[in-house]
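Structure file run-v2.csv with CSV, C-alpha atoms:
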```
chain,number,residue,atom,x,y,z
A,1,MET,CA,-145.4,55.7,-113.9
A,2,ILE,CA,-142.6,57.7,-115.6
A,3,TRP,CA,-144.1,61.0,-114.5
A,4,ARG,CA,-144.2,59.7,-110.9
A,5,GLY,CA,-140.5,59.0,-111.2
A,6,VAL,CA,-139.8,62.4,-112.7
A,7,VAL,CA,-141.8,64.1,-109.9
A,8,VAL,CA,-140.0,62.2,-107.2
A,9,ALA,CA,-136.6,63.0,-108.8
A,10,VAL,CA,-137.4,66.7,-109.1
A,11,ALA,CA,-138.7,66.8,-105.6
A,12,ALA,CA,-135.6,65.1,-104.3
A,13,LEU,CA,-133.2,67.4,-106.2
A,14,TRP,CA,-135.1,70.5,-105.0
A,15,SER,CA,-135.3,69.4,-101.4
A,16,THR,CA,-131.6,68.3,-101.2
A,17,GLY,CA,-130.1,71.2,-103.1
A,18,CYS,CA,-129.4,69.1,-106.2
A,19,ALA,CA,-127.6,66.4,-104.2
A,20,PRO,CA,-128.2,62.9,-105.6
A,21,THR,CA,-130.7,60.7,-103.7
A,22,ALA,CA,-129.9,57.3,-102.3
A,23,PRO,CA,-131.5,55.5,-105.3
A,24,GLU,CA,-129.5,57.6,-107.7
A,25,LEU,CA,-126.3,56.8,-105.9
A,26,MET,CA,-127.1,53.1,-105.9
A,27,GLU,CA,-127.7,53.1,-109.7
A,28,ASN,CA,-124.6,55.2,-110.5
A,29,ASN,CA,-122.1,53.6,-108.2
A,30,SER,CA,-121.6,50.0,-109.3
A,31,THR,CA,-119.7,49.2,-106.1
A,32,ALA,CA,-122.4,50.6,-103.8
A,33,THR,CA,-123.6,48.1,-101.3
A,34,ILE,CA,-127.2,48.2,-100.2
A,35,ALA,CA,-127.2,48.7,-96.5
A,36,SER,CA,-130.5,48.0,-94.8
A,37,SER,CA,-130.1,51.0,-92.5
A,38,SER,CA,-129.7,53.5,-95.4
A,39,LEU,CA,-132.5,52.2,-97.7
A,40,SER,CA,-136.0,53.4,-97.0
A,41,ASP,CA,-139.3,52.4,-98.5
A,42,ASP,CA,-139.5,55.7,-100.3
A,43,ASP,CA,-136.0,55.3,-101.8
A,44,TYR,CA,-137.0,51.8,-103.0
A,45,VAL,CA,-140.2,53.0,-104.6
A,46,ALA,CA,-138.4,55.9,-106.3
A,47,PHE,CA,-135.6,53.7,-107.5
A,48,ARG,CA,-138.0,51.0,-108.8
A,49,ASP,CA,-140.1,53.6,-110.7
A,50,THR,CA,-137.0,55.1,-112.4
A,51,HIS,CA,-135.0,51.9,-112.9
A,52,GLU,CA,-137.7,49.2,-113.5
A,53,HIS,CA,-135.4,46.5,-114.8
A,54,SER,CA,-132.3,47.1,-112.6
A,55,PRO,CA,-130.6,44.0,-111.4
A,56,LYS,CA,-130.2,45.7,-108.0
A,57,ILE,CA,-133.9,45.5,-107.2
A,58,PRO,CA,-133.9,41.9,-105.8
A,59,LYS,CA,-131.1,42.8,-103.4
A,60,MET,CA,-132.9,45.9,-102.4
A,61,ILE,CA,-136.1,43.9,-101.6
A,62,VAL,CA,-134.1,41.5,-99.4
A,63,SER,CA,-132.5,44.4,-97.7
A,64,LEU,CA,-135.9,45.9,-96.9
A,65,ILE,CA,-137.2,42.5,-95.7
A,66,LYS,CA,-134.3,42.3,-93.2
A,67,SER,CA,-134.6,46.0,-92.2
A,68,HIS,CA,-138.3,45.7,-91.4
A,69,PHE,CA,-137.8,42.3,-89.7
A,70,ASN,CA,-135.1,43.8,-87.4
A,71,LYS,CA,-137.5,46.7,-86.5
A,72,GLY,CA,-140.2,44.2,-85.6
A,73,GLU,CA,-142.4,45.3,-88.6
A,74,PHE,CA,-143.3,41.8,-89.6
A,75,LEU,CA,-146.2,42.7,-91.8
A,76,LEU,CA,-144.1,45.0,-93.9
A,77,ALA,CA,-141.3,42.4,-94.1
A,78,GLN,CA,-143.9,39.9,-95.2
A,79,PHE,CA,-145.2,42.3,-97.8
A,80,TYR,CA,-141.7,42.6,-99.3
A,81,CYS,CA,-141.3,38.8,-99.2
A,82,ASP,CA,-144.5,38.5,-101.2
A,83,GLU,CA,-143.3,41.2,-103.6
A,84,TYR,CA,-140.1,39.3,-104.2
A,85,HIS,CA,-142.0,36.0,-104.8
A,86,ARG,CA,-144.3,37.7,-107.3
A,87,ASP,CA,-141.6,39.6,-109.2
A,88,PHE,CA,-138.6,37.2,-109.0
A,89,PRO,CA,-140.0,33.7,-108.6
A,90,SER,CA,-136.7,32.1,-109.7
A,91,GLY,CA,-134.3,34.8,-108.3
A,92,LYS,CA,-130.9,34.1,-106.8
A,93,GLU,CA,-132.1,35.1,-103.3
A,94,ARG,CA,-135.2,33.0,-103.4
A,95,ASP,CA,-133.9,30.5,-100.9
A,96,GLU,CA,-133.1,33.3,-98.5
A,97,VAL,CA,-136.4,35.0,-99.0
A,98,ASP,CA,-138.3,31.8,-98.4
A,99,TYR,CA,-136.3,31.3,-95.1
A,100,LEU,CA,-137.0,34.9,-94.0
A,101,HIS,CA,-140.7,34.5,-94.8
A,102,LEU,CA,-140.8,31.5,-92.5
A,103,LYS,CA,-138.8,33.3,-89.8
A,104,ILE,CA,-141.3,36.2,-90.0
A,105,LEU,CA,-144.2,33.8,-89.5
A,106,PHE,CA,-142.5,32.2,-86.4
A,107,TYR,CA,-141.8,35.6,-84.9
A,108,ARG,CA,-145.4,36.8,-85.6
A,109,TYR,CA,-146.6,33.7,-83.7
A,110,ASP,CA,-144.4,34.5,-80.8
A,111,ARG,CA,-145.8,38.0,-80.6
A,112,GLU,CA,-149.5,37.3,-81.4
A,113,HIS,CA,-150.0,33.7,-80.2
A,114,ASP,CA,-152.4,33.1,-83.1
A,115,ASP,CA,-152.8,29.4,-83.8
A,116,ARG,CA,-153.6,30.2,-87.5
A,117,ILE,CA,-150.2,31.7,-87.9
A,118,ALA,CA,-148.6,28.7,-86.2
A,119,ASP,CA,-150.4,26.4,-88.5
A,120,GLN,CA,-149.4,28.4,-91.6
A,121,ALA,CA,-145.8,28.5,-90.4
A,122,ARG,CA,-145.8,24.7,-89.8
A,123,VAL,CA,-147.3,23.9,-93.2
A,124,GLU,CA,-144.9,26.3,-95.1
A,125,ALA,CA,-141.8,25.0,-93.1
A,126,LYS,CA,-142.7,21.4,-94.1
A,127,ARG,CA,-143.3,22.4,-97.7
A,128,TYR,CA,-139.9,24.2,-97.6
A,129,LEU,CA,-138.1,21.1,-96.3
A,130,ALA,CA,-139.8,19.0,-99.0
A,131,ASP,CA,-139.3,21.4,-101.9
A,132,HIS,CA,-135.7,22.6,-101.2
A,133,GLY,CA,-134.3,19.2,-100.4
A,134,ILE,CA,-130.9,18.8,-98.9
A,135,ILE,CA,-129.3,21.4,-101.2
A,136,SER,CA,-130.6,24.4,-99.2
A,137,SER,CA,-128.1,26.2,-96.9
A,138,TYR,CA,-131.1,27.2,-94.7
A,139,ARG,CA,-132.5,23.6,-94.3
A,140,SER,CA,-131.1,23.2,-90.7
A,141,ARG,CA,-132.3,26.6,-89.7
A,142,VAL,CA,-135.8,25.9,-90.9
A,143,ALA,CA,-135.8,22.6,-89.1
A,144,ALA,CA,-134.7,24.4,-85.9
A,145,LEU,CA,-137.4,27.0,-86.3
A,146,LEU,CA,-140.0,24.2,-86.7
A,147,GLU,CA,-138.7,22.5,-83.5
A,148,ARG,CA,-138.7,25.8,-81.6
A,149,LEU,CA,-142.3,26.4,-82.7
A,150,GLN,CA,-143.3,23.0,-81.3
A,151,GLN,CA,-141.5,23.7,-78.0
A,152,ARG,CA,-143.2,27.1,-77.7
A,153,GLU,CA,-146.6,25.7,-78.4
A,154,ASN,CA,-146.0,22.9,-75.8
A,155,THR,CA,-145.0,25.5,-73.3
A,156,ARG,CA,-148.0,27.7,-74.0
A,157,ASN,CA,-150.4,24.6,-73.8
A,158,GLU,CA,-148.8,23.6,-70.5
A,159,GLU,CA,-149.3,27.2,-69.1
A,160,LEU,CA,-152.9,27.1,-70.2
A,161,ALA,CA,-153.5,23.7,-68.7
A,162,GLU,CA,-152.0,25.0,-65.4
A,163,TYR,CA,-154.2,28.1,-65.6
A,164,TYR,CA,-157.4,26.0,-66.0
A,165,LYS,CA,-156.3,23.6,-63.3
A,166,GLY,CA,-156.1,26.6,-60.9
A,167,LYS,CA,-159.6,27.7,-62.0
A,168,GLY,CA,-161.0,24.2,-61.3
A,169,LYS,CA,-161.9,23.4,-64.9
A,170,PRO,CA,-160.6,19.8,-65.5
A,171,LYS,CA,-162.0,19.5,-69.0
A,172,ALA,CA,-160.2,22.5,-70.2
A,173,GLU,CA,-157.0,21.4,-68.4
A,174,GLU,CA,-157.2,18.0,-70.0
A,175,PHE,CA,-157.8,19.6,-73.5
A,176,TYR,CA,-154.6,21.6,-73.3
A,177,ARG,CA,-152.6,18.7,-71.7
A,178,GLU,CA,-153.6,16.5,-74.7
A,179,LYS,CA,-152.3,19.2,-77.1
A,180,VAL,CA,-148.8,18.9,-75.7
A,181,LYS,CA,-146.7,16.9,-78.1
A,182,ASN,CA,-143.5,15.2,-77.3
```

Is it possible to express this structure as structure tokens?
Amino acid sequence: MIWRGVVVAVAALWSTGCAPTAPELMENNSTATIASSSLSDDDYVAFRDTHEHSPKIPKMIVSLIKSHFNKGEFLLAQFYCDEYHRDFPSGKERDEVDYLHLKILFYRYDREHDDRIADQARVEAKRYLADHGIISSYRSRVAALLERLQQRENTRNEELAEYYKGKGKPKAEEFYREKVKN
């Protein structure tokens, strides 16, 4: 692991003409902010390999989550959420990461229309609301996401019911009409 960091650092110095890489700048400059647009996955891996116990790593992970989410790379964002949960189970940003994880699931459902993702999002949102209580600053956002999910599922079920009505399939139409919840 140390050799990998040395190789990355040497390669970075050689390719940039001895200019410090983004991870080195972050470690050396205590006032440096972690901008999601300037942090890449490679920078994060190099930084993490060379500065394994740095207190900046949790914020870097959150930055990567947001960056990948904004690019629509939901599986990568979810990967970093899982990495944060694994490595920093009681970290300061845990509440935010839990919220971002839920948001990723909701957006994945919007894109993929996979009922399994919707079910997982619903279960995790209810667990979030139960576990985090009223102290979470994201509680209202999670409740709003849960409500929007239900609205989108209702709209989708209505559309499917209308589709099957047009095809002359009353059983399928009835099935989807029953799935609409008020």

For CA of Glu162 in chain A and CA of Lys181 in chain A, quote the distance in Å rounded to one decimal.
16.0 Å

Which polymer residues, whether protein, DNA or RNA, lie within 12 Å of the coordinate (-139.4, 38.3, -106.5) when you count only C-alpha atoms? List them as a ChimeraX atom specification, using the chain letters and numbers from the file.
/A:55-62,65,79-98

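Atom pair CA of Ala161 in chain A / CA of Tyr176 in chain A has a distance of 5.2 Å (rounded to one decimal).
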
Surrounding residues of Asn154 in chain A excluding itself and chain neighbours under 5 positions, 9 Å, only C-alpha atoms, as a ChimeraX atom specification:
/A:149,159,177,179-182

Rounded to one decimal place, report the CA of Gln78 in chain A-CA of Arg139 in chain A distance in Å.
19.9 Å

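Minimum distance to Ser137 in chain A across A:Tyr44, A:Tyr99, A:Lys71, A:Glu178 (counting all atoms listed in the file) occurs at A:Tyr99.
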
Surrounding residues of Leu105 in chain A excluding itself and chain neighbours under 2 positions, 8 Å, only C-alpha atoms, as a count of residues only:
10
